[in-house]
Structure formats: C-alpha cells, structure tokens
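Engineer: What follows is query_13.txt; its format and atoms are compact mmCIF, C-alpha atoms and all ligand atoms.
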# COMPACT_ATOMS: atom_id res chain seq x y z
CA MET M 119 0.00 0.00 0.00
CA ILE M 120 1.30 3.46 -0.93
CA SER M 121 1.96 5.70 2.09
CA PHE M 122 3.98 8.80 2.98
CA TRP M 123 7.04 6.54 2.96
CA ASN M 124 6.68 6.25 -0.83
CA THR M 125 6.34 9.99 -1.43
CA LEU M 126 9.42 11.26 0.40
CA PRO M 127 12.54 12.39 -1.50
CA ARG M 128 15.44 9.89 -1.67
CA PRO M 129 17.48 9.20 0.25
CA ILE M 130 14.96 9.38 3.10
CA VAL M 131 16.70 11.00 6.08
CA SER M 132 15.50 10.14 9.57
CA LEU M 133 16.40 10.60 13.21
CA ALA M 134 16.30 7.34 15.22
CA PRO M 135 13.99 6.70 18.15
CA MET M 136 16.08 7.03 21.30
CA GLU M 137 14.76 6.57 24.82
CA ASP M 138 15.38 9.56 27.12
CA VAL M 139 16.61 11.48 24.07
CA THR M 140 13.97 11.98 21.36
CA ASP M 141 11.21 13.56 23.43
CA THR M 142 9.29 16.53 22.01
CA SER M 143 11.79 19.05 23.46
CA PHE M 144 14.85 17.49 21.76
CA ARG M 145 13.04 16.79 18.50
CA GLU M 146 12.03 20.45 18.28
CA GLN M 147 15.61 21.49 19.01
CA VAL M 148 16.89 19.26 16.20
CA ILE M 149 14.39 20.73 13.75
CA ARG M 150 15.50 24.23 14.75
CA MET M 151 19.15 23.29 14.09
CA SER M 152 18.44 21.60 10.74
CA ALA M 153 18.07 23.08 7.26
CA PRO M 154 14.42 22.92 6.12
CA GLY M 155 13.81 20.02 3.73
CA THR M 156 16.80 17.96 4.89
CA LEU M 157 15.25 15.80 7.62
CA HIS M 158 12.17 13.79 6.62
CA VAL M 159 11.13 11.46 9.46
CA MET M 160 11.42 11.60 13.26
CA TYR M 161 10.40 9.12 15.94
CA THR M 162 9.13 9.16 19.49
CA GLU M 163 10.87 7.17 22.20
CA PHE M 164 9.68 3.54 22.29
CA THR M 165 6.36 3.25 24.10
CA SER M 166 5.03 0.11 25.77
CA THR M 167 1.83 -1.42 24.42
CA ASP M 168 1.28 -3.05 27.83
CA GLY M 169 1.60 0.37 29.46
CA LEU M 170 -0.81 1.99 26.99
CA CYS M 171 -3.34 -0.79 27.61
CA HIS M 172 -2.98 -0.51 31.38
CA GLU M 173 -5.38 1.89 33.07
CA ARG M 174 -3.06 2.93 35.87
CA GLY M 175 0.16 2.84 33.87
CA PHE M 176 -1.26 4.89 31.01
CA ASP M 177 -0.42 8.45 32.13
CA LYS M 178 3.27 7.74 32.70
CA VAL M 179 3.68 5.82 29.43
CA ALA M 180 1.67 8.33 27.40
CA GLU M 181 4.23 11.03 28.28
CA ARG M 182 6.35 9.49 25.56
CA LEU M 183 3.71 10.45 23.02
CA VAL M 184 3.55 14.14 23.96
CA VAL M 185 3.98 16.52 21.02
CA ASN M 186 4.22 20.21 21.92
CA SER M 187 2.22 22.57 19.72
CA SER M 188 5.46 24.41 18.84
CA GLU M 189 6.97 21.14 17.55
CA ARG M 190 3.76 20.30 15.69
CA GLU M 191 3.87 23.66 13.90
CA LEU M 192 7.48 23.14 12.77
CA LEU M 193 6.77 19.57 11.64
CA GLN M 194 3.91 20.83 9.51
CA GLN M 195 5.82 23.81 8.11
CA GLN M 196 8.72 21.60 7.04
CA GLY M 197 6.78 18.49 6.00
CA ILE M 198 8.60 16.30 8.54
CA ARG M 199 6.71 13.10 9.43
CA LEU M 200 6.45 11.99 13.05
CA VAL M 201 6.22 8.28 13.81
CA ALA M 202 5.19 6.79 17.17
CA GLN M 203 7.21 3.73 18.06
CA ILE M 204 5.53 1.00 20.13
CA TRP M 205 6.78 -2.25 21.60
CA GLY M 206 5.39 -5.34 23.29
CA SER M 207 4.67 -9.01 22.67
CA GLN M 208 0.89 -9.43 22.41
CA PRO M 209 -0.81 -8.82 19.04
CA GLU M 210 -4.08 -7.72 20.67
CA ARG M 211 -2.28 -5.12 22.78
CA PHE M 212 -0.58 -3.79 19.65
CA ALA M 213 -4.02 -3.53 18.07
CA ARG M 214 -5.41 -1.54 21.01
CA ALA M 215 -2.28 0.62 21.28
CA ALA M 216 -2.36 1.35 17.54
CA GLU M 217 -5.96 2.55 17.86
CA MET M 218 -5.02 4.83 20.75
CA VAL M 219 -1.99 6.24 18.96
CA SER M 220 -4.05 6.91 15.82
CA GLN M 221 -6.82 8.59 17.80
CA THR M 222 -4.43 11.18 19.22
CA GLY M 223 -4.16 12.60 15.69
CA ARG M 224 -0.53 13.53 16.42
CA PHE M 225 1.31 10.98 14.31
CA ASP M 226 1.90 10.19 10.66
CA GLY M 227 2.89 6.57 11.23
CA ILE M 228 3.37 3.77 13.73
CA ASP M 229 6.60 1.83 14.06
CA ILE M 230 6.99 -1.55 15.73
CA ASN M 231 10.19 -2.05 17.69
CA MET M 232 11.71 -5.40 16.79
CA GLY M 233 15.28 -4.42 17.56
CA CYS M 234 15.81 -3.44 21.19
CA PRO M 235 18.34 -5.85 22.78
CA VAL M 236 17.76 -4.92 26.46
CA LYS M 237 17.55 -8.10 28.57
CA LYS M 238 14.39 -7.19 30.42
CA VAL M 239 12.30 -6.63 27.27
CA VAL M 240 13.82 -9.56 25.40
CA LYS M 241 13.03 -11.89 28.29
CA GLY M 242 9.35 -10.98 27.93
CA GLY M 243 9.43 -11.96 24.24
CA SER M 244 9.36 -8.34 22.97
CA CYS M 245 11.50 -6.30 20.58
CA SER M 246 14.52 -8.16 19.17
CA ALA M 247 13.23 -11.44 20.69
CA LEU M 248 10.57 -11.34 17.96
CA ILE M 249 13.31 -12.19 15.42
CA LEU M 250 13.29 -15.63 17.09
CA ASP M 251 9.50 -15.88 16.84
CA PRO M 252 8.61 -14.84 13.28
CA THR M 253 5.02 -16.12 13.41
CA ARG M 254 4.27 -13.89 16.38
CA ALA M 255 6.11 -11.00 14.68
CA GLN M 256 3.89 -11.39 11.62
CA ASP M 257 0.75 -11.60 13.80
CA ILE M 258 1.81 -8.37 15.50
CA ILE M 259 2.36 -6.54 12.20
CA ARG M 260 -0.99 -7.72 10.84
CA ALA M 261 -2.90 -6.90 14.05
CA THR M 262 -1.38 -3.42 14.10
CA ARG M 263 -2.10 -2.78 10.42
CA GLU M 264 -5.72 -3.82 10.85
CA SER M 265 -6.22 -1.38 13.73
CA THR M 266 -4.92 1.83 12.20
CA PRO M 267 -5.23 3.82 9.00
CA LEU M 268 -1.62 4.98 9.56
CA PRO M 269 1.30 3.28 7.78
CA VAL M 270 3.00 0.66 9.96
CA SER M 271 6.79 0.28 9.71
CA VAL M 272 9.16 -2.10 11.48
CA LYS M 273 12.55 -1.20 12.95
CA THR M 274 14.66 -4.27 13.46
CA ARG M 275 18.10 -5.87 13.38
CA VAL M 276 19.79 -8.41 11.09
CA GLY M 277 19.40 -11.26 13.58
CA PHE M 278 19.34 -12.19 17.24
CA HIS M 279 22.38 -14.42 17.91
CA GLN M 280 23.66 -14.33 14.34
CA PRO M 281 22.54 -12.66 11.12
CA VAL M 282 19.46 -14.18 9.48
CA THR M 283 18.87 -11.23 7.19
CA GLU M 284 17.40 -13.03 4.17
CA ARG M 285 14.83 -15.16 5.99
CA TRP M 286 13.90 -12.39 8.43
CA ILE M 287 13.33 -9.66 5.82
CA ARG M 288 11.30 -12.14 3.74
CA GLN M 289 9.13 -12.98 6.77
CA LEU M 290 8.60 -9.32 7.62
CA LEU M 291 7.63 -8.48 4.04
CA GLU M 292 5.05 -11.30 4.03
CA ALA M 293 3.15 -9.41 6.74
CA GLY M 294 2.98 -6.22 4.65
CA PRO M 295 4.78 -3.41 6.53
CA SER M 296 4.88 0.04 4.89
CA ALA M 297 8.65 0.37 5.45
CA ILE M 298 11.51 -1.48 7.12
CA ILE M 299 14.37 0.15 9.00
CA LEU M 300 17.28 -2.24 9.36
CA HIS M 301 19.89 -1.72 12.06
CA ALA M 302 22.90 -3.53 10.62
CA ARG M 303 23.88 -5.41 13.78
CA THR M 304 22.53 -8.47 15.61
CA SER M 305 20.82 -8.13 18.98
CA LYS M 306 23.76 -9.86 20.65
CA GLU M 307 26.13 -7.25 19.20
CA GLN M 308 24.06 -4.43 20.78
CA SER M 309 26.01 -1.40 19.47
CA LEU M 310 29.44 -2.67 20.44
CA VAL M 311 30.78 -3.53 16.98
CA ALA M 312 30.77 -1.64 13.70
CA ALA M 313 27.49 -1.87 11.80
CA ASP M 314 27.79 -4.18 8.79
CA TRP M 315 25.93 -2.50 5.94
CA SER M 316 26.50 -5.48 3.62
CA HIS M 317 23.37 -6.81 5.36
CA VAL M 318 21.48 -3.71 4.26
CA ALA M 319 22.53 -4.47 0.67
CA LEU M 320 21.35 -8.07 1.11
CA ALA M 321 18.01 -6.90 2.57
CA VAL M 322 17.54 -4.55 -0.40
CA LYS M 323 17.95 -7.52 -2.77
CA VAL M 324 15.28 -9.51 -0.90
CA ARG M 325 13.00 -6.49 -0.90
CA ASP M 326 13.56 -5.88 -4.64
CA ALA M 327 12.53 -9.46 -5.37
CA LEU M 328 9.49 -9.62 -3.07
CA ALA M 329 8.08 -6.14 -2.47
CA PRO M 330 9.83 -3.43 -4.50
CA ASP M 331 7.44 -0.71 -3.22
CA VAL M 332 8.40 -1.10 0.44
CA PRO M 333 11.12 1.44 1.34
CA LEU M 334 14.09 0.01 3.20
CA LEU M 335 16.28 2.28 5.34
CA GLY M 336 19.66 1.38 6.79
CA ASN M 337 20.76 2.26 10.31
CA GLY M 338 24.06 2.03 12.17
CA ASP M 339 27.06 4.34 12.55
CA VAL M 340 25.92 7.07 10.15
CA SER M 341 28.06 10.07 11.09
CA SER M 342 27.03 12.74 8.58
CA MET M 343 24.72 13.47 5.65
CA ALA M 344 27.55 12.63 3.21
CA ASP M 345 28.21 9.35 5.02
CA GLY M 346 24.51 8.40 4.98
CA ARG M 347 24.14 9.27 1.29
CA ALA M 348 27.25 7.23 0.41
CA ARG M 349 25.96 4.20 2.36
CA CYS M 350 22.63 4.42 0.48
CA ARG M 351 24.42 4.63 -2.89
CA GLU M 352 26.56 1.61 -2.02
CA THR M 353 23.73 -0.59 -0.74
CA GLY M 354 20.69 0.57 -2.71
CA ALA M 355 18.90 1.55 0.53
CA ASP M 356 16.10 4.10 0.15
CA GLY M 357 17.29 6.08 3.12
CA PHE M 358 19.24 6.18 6.34
CA MET M 359 18.49 6.66 10.02
CA VAL M 360 20.85 8.53 12.34
CA GLY M 361 21.18 7.50 16.00
CA ARG M 362 24.21 8.43 18.06
CA GLY M 363 25.64 10.55 15.21
CA ILE M 364 23.37 13.39 16.41
CA PHE M 365 25.32 13.55 19.70
CA HIS M 366 28.51 14.38 17.79
CA ASP M 367 26.94 16.88 15.44
CA PRO M 368 23.44 18.06 16.33
CA TRP M 369 23.63 20.47 13.36
CA MET M 370 24.19 17.59 10.93
CA PHE M 371 20.89 17.75 9.02
CA ARG M 372 22.08 20.26 6.43
CA ASP M 373 23.32 20.02 2.86
CA SER M 374 26.83 21.04 3.85
CA PRO M 375 28.58 20.72 7.22
CA TYR M 376 27.89 23.62 9.57
CA GLU M 377 30.35 24.95 12.10
CA PRO M 378 28.20 26.49 14.85
CA SER M 379 29.49 29.58 16.62
CA ARG M 380 29.80 29.78 20.41
CA GLU M 381 26.55 31.81 20.42
CA ASP M 382 24.77 29.11 18.39
CA ARG M 383 25.90 26.50 20.90
CA LEU M 384 24.88 28.44 24.01
CA HIS M 385 21.60 29.42 22.45
CA ALA M 386 20.81 25.79 21.53
CA LEU M 387 21.62 24.58 25.04
CA LEU M 388 19.48 27.24 26.70
CA SER M 389 16.56 26.85 24.37
CA HIS M 390 16.58 23.05 24.80
CA ALA M 391 16.85 23.33 28.60
CA ARG M 392 14.03 25.90 28.76
CA ARG M 393 11.75 23.84 26.52
CA TYR M 394 12.53 20.64 28.46
CA THR M 395 11.64 22.29 31.78
CA GLN M 396 8.56 23.97 30.33
CA THR M 397 7.33 20.66 28.92
CA TRP M 398 8.05 18.38 31.86
CA GLY M 399 8.05 20.73 34.84
CA PRO M 400 10.92 21.47 37.22
CA ASP M 401 10.70 18.11 38.99
CA ARG M 402 11.52 15.85 36.06
CA ASN M 403 14.87 14.11 36.40
CA PHE M 404 17.41 16.85 35.58
CA GLN M 405 20.13 14.24 35.02
CA VAL M 406 18.47 13.29 31.74
CA LEU M 407 18.83 16.84 30.46
CA LYS M 408 22.41 17.16 31.71
CA ARG M 409 23.52 14.44 29.31
CA PHE M 410 22.79 16.82 26.46
CA PHE M 411 25.04 19.61 27.65
CA LYS M 412 28.16 18.03 26.24
CA ILE M 413 26.67 17.71 22.78
CA TYR M 414 26.26 21.48 22.56
CA LEU M 415 29.34 22.63 24.45
CA HIS M 416 32.62 21.98 22.75
CA GLY M 417 34.84 23.64 20.20
CA PHE M 418 35.26 27.07 21.84
CA PRO M 419 37.53 28.46 24.57
CA GLY M 420 35.98 27.93 28.00
CA ALA M 421 33.64 25.13 26.81
CA ALA M 422 35.18 22.47 29.08
CA ALA M 423 35.00 24.72 32.16
CA LEU M 424 31.38 25.62 31.46
CA ARG M 425 30.53 21.96 30.92
CA ALA M 426 32.05 21.08 34.29
CA THR M 427 30.05 23.86 36.01
CA LEU M 428 26.82 22.76 34.33
CA MET M 429 27.30 19.20 35.51
CA GLU M 430 26.82 20.51 39.06
CA THR M 431 23.51 22.25 38.30
CA ASN M 432 20.12 20.98 39.39
CA SER M 433 17.65 23.46 37.95
CA LEU M 434 17.01 25.60 34.90
CA LYS M 435 17.81 28.74 36.95
CA GLU M 436 21.25 27.38 37.84
CA VAL M 437 21.89 26.55 34.17
CA GLU M 438 20.85 30.05 33.06
CA ASP M 439 23.06 31.65 35.73
CA ALA M 440 26.09 29.53 34.80
CA VAL M 441 25.73 30.29 31.09
CA GLY M 442 25.22 33.99 31.86
CA GLN M 443 28.36 34.13 34.01
CA SER M 444 30.36 32.34 31.35
CA ILE M 445 29.24 34.89 28.73
CA ASN M 446 30.16 37.78 31.05
CA ARG M 447 33.61 36.29 31.69
CA MET M 448 34.19 35.94 27.95
CA LEU M 449 33.17 39.58 27.39
CA ASP M 450 35.54 40.86 30.12
C1 LIG B 501 20.26 6.33 24.15
C2 LIG B 501 19.65 5.43 23.11
C3 LIG B 501 18.31 5.09 23.20
C4 LIG B 501 17.72 4.26 22.24
N1 LIG B 501 16.38 4.01 22.30
C5 LIG B 501 15.77 3.33 21.26
C6 LIG B 501 14.35 3.21 21.18
O1 LIG B 501 13.60 3.70 22.05
N2 LIG B 501 13.83 2.52 20.14
C7 LIG B 501 14.62 1.97 19.14
O2 LIG B 501 14.11 1.37 18.18
N3 LIG B 501 15.96 2.08 19.19
C8 LIG B 501 16.55 2.77 20.20
N4 LIG B 501 17.91 2.94 20.19
C9 LIG B 501 18.69 2.43 19.05
C10 LIG B 501 18.82 3.50 17.95
O3 LIG B 501 17.56 3.87 17.44
C11 LIG B 501 19.72 3.01 16.80
O4 LIG B 501 19.11 1.89 16.20
C12 LIG B 501 21.10 2.61 17.29
O5 LIG B 501 21.66 3.60 18.14
C13 LIG B 501 22.05 2.37 16.09
O6 LIG B 501 22.23 3.55 15.34
P1 LIG B 501 23.57 4.43 15.49
O7 LIG B 501 24.74 3.49 15.26
O8 LIG B 501 23.42 5.48 14.41
O9 LIG B 501 23.56 4.98 16.87
C14 LIG B 501 18.51 3.74 21.17
C15 LIG B 501 19.86 4.07 21.10
C16 LIG B 501 20.44 4.90 22.04
C17 LIG B 501 21.90 5.26 21.90
Could you quickly redo this structure as structure tokens?

Structural biologist:
Amino acid sequence: MISFWNTLPRPIVSLAPMEDVTDTSFREQVIRMSAPGTLHVMYTEFTSTDGLCHERGFDKVAERLVVNSSERELLQQQGIRLVAQIWGSQPERFARAAEMVSQTGRFDGIDINMGCPVKKVVKGGSCSALILDPTRAQDIIRATRESTPLPVSVKTRVGFHQPVTERWIRQLLEAGPSAIILHARTSKEQSLVAADWSHVALAVKVRDALAPDVPLLGNGDVSSMADGRARCRETGADGFMVGRGIFHDPWMFRDSPYEPSREDRLHALLSHARRYTQTWGPDRNFQVLKRFFKIYLHGFPGAAALRATLMETNSLKEVEDAVGQSINRMLD
C-alpha cells in the first residue's frame, strides 16, 4: 500500500527513536538546528503497548507520546513526518495501542520495535526477541495494520544471535509493513561492533525481489549526511536513520557541514533546557537533560570549564546563571 514513505525524496533521512533522548523538546531542538527540507522522518521514544493498555500505567507511558504545539507547527511547516514507536509481545495489545496512537491525531505513522536488545524486554518476548518468533512477529504486524489507518513500519536488526537477514526480511515483508528500518547489527552485538551494511545491501535484494514498493532504510554508525548518502548509494537503501551521530553533530541535518558559533551552541543549550523544563516541569529528572550539555558545548575556549560547572547544576535557573556568568567572563 502506498503511504507517505513512498512519497518522500530519496534518500529518506531520519532521526532514530532514542529513549530519554527523542522527546518533544529534543526533536524540536533538532528541527531548529536543521536546514528545512533535509530531515524527513522523526520518531518518538519507544512506548510500551502493555503500558498503553494498562489503566493505571497509562499516564506515565503516554508522556512518551507528547507533542508540543510548537513542535507540531514546525513539523507541519517543514513536511517532517512523526512516527510513534511502540513495543510489546501481544498482538491484541498492539491492536489496542495502535488505535489509541491513531486517535491522538498527532502521528503520521506507527513503528513496531523489533530491535531493542535490552535483557528485560527480550526476556518478555518483545522487541529483538521477535526475530526468534517470526510467526508472532507477523501476527503483530498484521494486528497493528488492521487497527490503524496509519502506515506501519518495522525497525529491526539483522538477527538475534547471528545474522538471518534473508529469511527475516522475507518474513517481515510477508506481513505487509509500509517500510523497514534495518539496524545492521545483531541483537547480541548491541552497538558494540561496527554496523555491517553489507546486510542492508542483502536486505535490499530480498525487498527488490518480493516487495519493491516497500522502502528500506539502513541504520548504524551514520556520522554525517555525506556518510549516509554514500551508504545508500553503495547498498541501494532508500534512506538512512541517524542515532548516536546526532550527539557528535546536532547540526548535521544540512546540505553542507555547519560549524556552529559559540553563540549558536549556548543558544541551543538554553533553548533546549528551557523547553525541556517547560514541557516536563521542574521536577523531572534533571540528570536526563544534563547528558545533552556536552553535545552542545565543545569547540570554543571555556567550553570544558562551562561543561564542568553545568554538571553541578540541578535546575534551569542554575543553568541560566552559569551560562550567563560564562558569557560575562568571555566579554571581560
Ligand atoms: C540512548 C539510546 C536510546 C535508544 N532508544 C531506542 C528506542 O527507544 N527505540 C529503538 O528502536 N531504538 C533505540 N535505540 C537504538 C537507535 O535507534 C539506533 O538503532 C542505534 O543507536 C544504532 O544507530 P547508530 O549506530 O546510528 O547509533 C537507542 C539508542 C540509544 C543510543
């Protein structure tokens, strides 16, 4: 079935779902740092279908699906698609969760996580464990598709213990996903070894033979736009997804590399911190936000000292004061 995935320019450029990273406040920050038209698809953090189906658990889990109106406006202005990622092990819970996600009206697509290697989720038969249970994986894709008008994609890996790329991509395609995002590592490898994009090339061949209309994106170790484009040329992938690369260059979604000034960096940090606090309130774990400071603050005199000071902060006010003092010292 034709969906937004088929109408996007090639290569499709996307930002990976990352827990405790890609909430609405960071996604908006990334859009603000990107050149319009460069980034095409963004994802929420992975959201539990059990949690969404659980009356008492719902509020906490649903936080992952918050989309600020300011982010919504930018997404619409720039034609960026937002996909909600869900995970679990029970087809009927996927069906219910897909209905709920669709009814929010906030998302352009639903993605099923079949790649997370974390022990706790794998033990429950979810995420990358589904690679070992293809019949259940297919039931989940079908149940989700039947419960939503939105396109349903799958983000997965090349295997669990060892690569099984050919059989796994074939089995996924049999269940009719709208797109596949392939992280070029096994579950066992987590992210500890270099991604092997020869598996993306292999997956593209399977896709070409069985379902040429289903876009296939590669994921793993993409460090820049040029790197992502080259990997797509070499493998035939329709697009690429960037994960940790954004931590090294949050300004990466541009046609040519951008060297941010000190003012750009400080401004990005403050605007992200303010939006984070405004969205989640002052009591949300400040440690989560602190992890971002180092991605903005490097490459100018005094960056290391300011970083060290900010690591001791515990509120937005303390962050604003520390940045203000650092600017004053630089002006002296
Ligand atoms: C902090 C962090 C959180 C992540 N959370 C998710 C997640 O919620 N859902 C998911 O499918 N993958 C998640 N991943 C995996 C990434 O989406 C991506 O597949 C992986 O980092 C490989 O890409 P990279 O080599 O470009 O980082 C996470 C990765 C990191 C580093």

Engineer: CA of Arg425 in chain M and CA of Met343 in chain M, how far apart in Å?

Structural biologist: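 Rounded to one decimal, the two atoms are 27.3 Å apart.
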
Engineer: Within 9 Å of (16.9, 21.3, 8.8) (file coordinates; all atoms listed in the file), which protein or nucleic acid residues are there? I'd like them as number ranges by chain.

Structural biologist: M: 148-157, 196, 369-373

Engineer: Need the shell around range 220-237 of chain M: protein/DNA/RNA residues with any atom at most 9 Å away, counting all atoms listed in the file. Skip same-chain ones fewer than 4 positions apart. Format as a ChimeraX atom specification?

Structural biologist: /M:122,161,164,183-185,190,199-206,212,215-216,241-242,244-249,255,258-259,262,265-278,297,300-301,304-308

Engineer: Mind writing the picked residues with C-alpha atoms as a tab-separated table (two decimals), in the coordinates of the input?

Structural biologist:
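That gives us selection_0.tsv:
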chain	number	residue	atom	x	y	z
M	122	PHE	CA	3.98	8.80	2.98
M	161	TYR	CA	10.40	9.12	15.94
M	164	PHE	CA	9.68	3.54	22.29
M	183	LEU	CA	3.71	10.45	23.02
M	184	VAL	CA	3.55	14.14	23.96
M	185	VAL	CA	3.98	16.52	21.02
M	190	ARG	CA	3.76	20.30	15.69
M	199	ARG	CA	6.71	13.10	9.43
M	200	LEU	CA	6.45	11.99	13.05
M	201	VAL	CA	6.22	8.28	13.81
M	202	ALA	CA	5.19	6.79	17.17
M	203	GLN	CA	7.21	3.73	18.06
M	204	ILE	CA	5.53	1.00	20.13
M	205	TRP	CA	6.78	-2.25	21.60
M	206	GLY	CA	5.39	-5.34	23.29
M	212	PHE	CA	-0.58	-3.79	19.65
M	215	ALA	CA	-2.28	0.62	21.28
M	216	ALA	CA	-2.36	1.35	17.54
M	241	LYS	CA	13.03	-11.89	28.29
M	242	GLY	CA	9.35	-10.98	27.93
M	244	SER	CA	9.36	-8.34	22.97
M	245	CYS	CA	11.50	-6.30	20.58
M	246	SER	CA	14.52	-8.16	19.17
M	247	ALA	CA	13.23	-11.44	20.69
M	248	LEU	CA	10.57	-11.34	17.96
M	249	ILE	CA	13.31	-12.19	15.42
M	255	ALA	CA	6.11	-11.00	14.68
M	258	ILE	CA	1.81	-8.37	15.50
M	259	ILE	CA	2.36	-6.54	12.20
M	262	THR	CA	-1.38	-3.42	14.10
M	265	SER	CA	-6.22	-1.38	13.73
M	266	THR	CA	-4.92	1.83	12.20
M	267	PRO	CA	-5.23	3.82	9.00
M	268	LEU	CA	-1.62	4.98	9.56
M	269	PRO	CA	1.30	3.28	7.78
M	270	VAL	CA	3.00	0.66	9.96
M	271	SER	CA	6.79	0.28	9.71
M	272	VAL	CA	9.16	-2.10	11.48
M	273	LYS	CA	12.55	-1.20	12.95
M	274	THR	CA	14.66	-4.27	13.46
M	275	ARG	CA	18.10	-5.87	13.38
M	276	VAL	CA	19.79	-8.41	11.09
M	277	GLY	CA	19.40	-11.26	13.58
M	278	PHE	CA	19.34	-12.19	17.24
M	297	ALA	CA	8.65	0.37	5.45
M	300	LEU	CA	17.28	-2.24	9.36
M	301	HIS	CA	19.89	-1.72	12.06
M	304	THR	CA	22.53	-8.47	15.61
M	305	SER	CA	20.82	-8.13	18.98
M	306	LYS	CA	23.76	-9.86	20.65
M	307	GLU	CA	26.13	-7.25	19.20
M	308	GLN	CA	24.06	-4.43	20.78

Engineer: Enumerate residues in contact with ligand LIG 501 (chain B): an atom-to-atom distance of at most 7 Å, counting only C-alpha atoms and all ligand atoms. Format the result as a PyMOL selection string.

Structural biologist: chain M and resi 134-139+163-164+231+233-234+273+301+309+313+337-340+359-363

Engineer: Got a sec: who's within 8 Å of range 327-334 of chain M, counting all atoms listed in the file, leaving out chain neighbours fewer than 5 positions off, as a VMD selection string?

Structural biologist: chain M and resid 120 123 to 124 288 291 295 to 300 321 to 322 355 to 357

Engineer: When distances are computed from all atoms listed in the file, which of M:Ser143, M:Thr353, M:Asn432, M:Thr125 shows the smallest separation from Arg393 in chain M?

Structural biologist: M:Ser143

Engineer: Restricting the calculation to only C-alpha atoms: of M:Gly175, M:Pro368, M:Pro378, M:Gly420, which residue gets closest to His390 in chain M?

Structural biologist: M:Pro368

Engineer: Between M:Ser132, M:Ser342, M:Ser166, M:Asn403, which has the minimum distance to His366 in chain M (counting only C-alpha atoms)?

Structural biologist: M:Ser342

Engineer: Could you state the separation of CA of Ala348 in chain M and CA of Leu126 in chain M in Å, given to one decimal place?

Structural biologist: 18.3 Å

Engineer: CA of Glu352 in chain M and CA of Ser316 in chain M, how far apart in Å?

Structural biologist: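 Distance between the two atoms: 9.1 Å.
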
Engineer: Smallest atom-to-atom distance to Pro129 in chain M: which of M:Pro209, M:Gly336, M:Pro252, M:Gly442, using all atoms listed in the file?

Structural biologist: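 Counting all atoms listed in the file, the residue closest to Pro129 in chain M is M:Gly336.
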
Engineer: So which one's closest to Glu284 in chain M, M:Asp401, M:Glu189, M:Asp251, M:Asp326? Using all atoms listed in the file, please.

Structural biologist: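 Looking at the shortest contact to Glu284 in chain M, the residue is M:Asp326.
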
Engineer: Will you give me range 157-171 of chain M, written with N, CA and C atoms and laid out as a compact mmCIF listing (two decimals), in the first residue's frame?

Structural biologist:
# COMPACT_ATOMS: atom_id res chain seq x y z
N LEU M 157 15.65 16.92 6.75
CA LEU M 157 15.25 15.80 7.62
C LEU M 157 13.79 15.46 7.29
N HIS M 158 13.52 14.16 7.08
CA HIS M 158 12.17 13.79 6.62
C HIS M 158 11.31 13.08 7.66
N VAL M 159 11.93 12.26 8.52
CA VAL M 159 11.13 11.46 9.46
C VAL M 159 11.77 11.47 10.84
N MET M 160 10.95 11.68 11.87
CA MET M 160 11.42 11.60 13.26
C MET M 160 10.54 10.61 14.04
N TYR M 161 11.09 10.14 15.15
CA TYR M 161 10.40 9.12 15.94
C TYR M 161 10.27 9.55 17.40
N THR M 162 9.23 9.01 18.04
CA THR M 162 9.13 9.16 19.49
C THR M 162 10.08 8.14 20.15
N GLU M 163 10.21 8.23 21.44
CA GLU M 163 10.87 7.17 22.20
C GLU M 163 9.98 5.92 22.14
N PHE M 164 10.53 4.73 22.37
CA PHE M 164 9.68 3.54 22.29
C PHE M 164 8.70 3.52 23.48
N THR M 165 7.48 3.13 23.16
CA THR M 165 6.36 3.25 24.10
C THR M 165 5.70 1.88 24.26
N SER M 166 5.50 1.47 25.49
CA SER M 166 5.03 0.11 25.77
C SER M 166 3.55 -0.07 25.45
N THR M 167 3.24 -1.12 24.69
CA THR M 167 1.83 -1.42 24.42
C THR M 167 1.14 -1.90 25.70
N ASP M 168 1.87 -2.63 26.55
CA ASP M 168 1.28 -3.05 27.83
C ASP M 168 0.92 -1.82 28.64
N GLY M 169 1.84 -0.86 28.69
CA GLY M 169 1.60 0.37 29.46
C GLY M 169 0.41 1.14 28.92
N LEU M 170 0.30 1.25 27.58
CA LEU M 170 -0.81 1.99 26.99
C LEU M 170 -2.14 1.30 27.28
N CYS M 171 -2.10 -0.03 27.38
CA CYS M 171 -3.34 -0.79 27.61
C CYS M 171 -3.69 -0.89 29.10
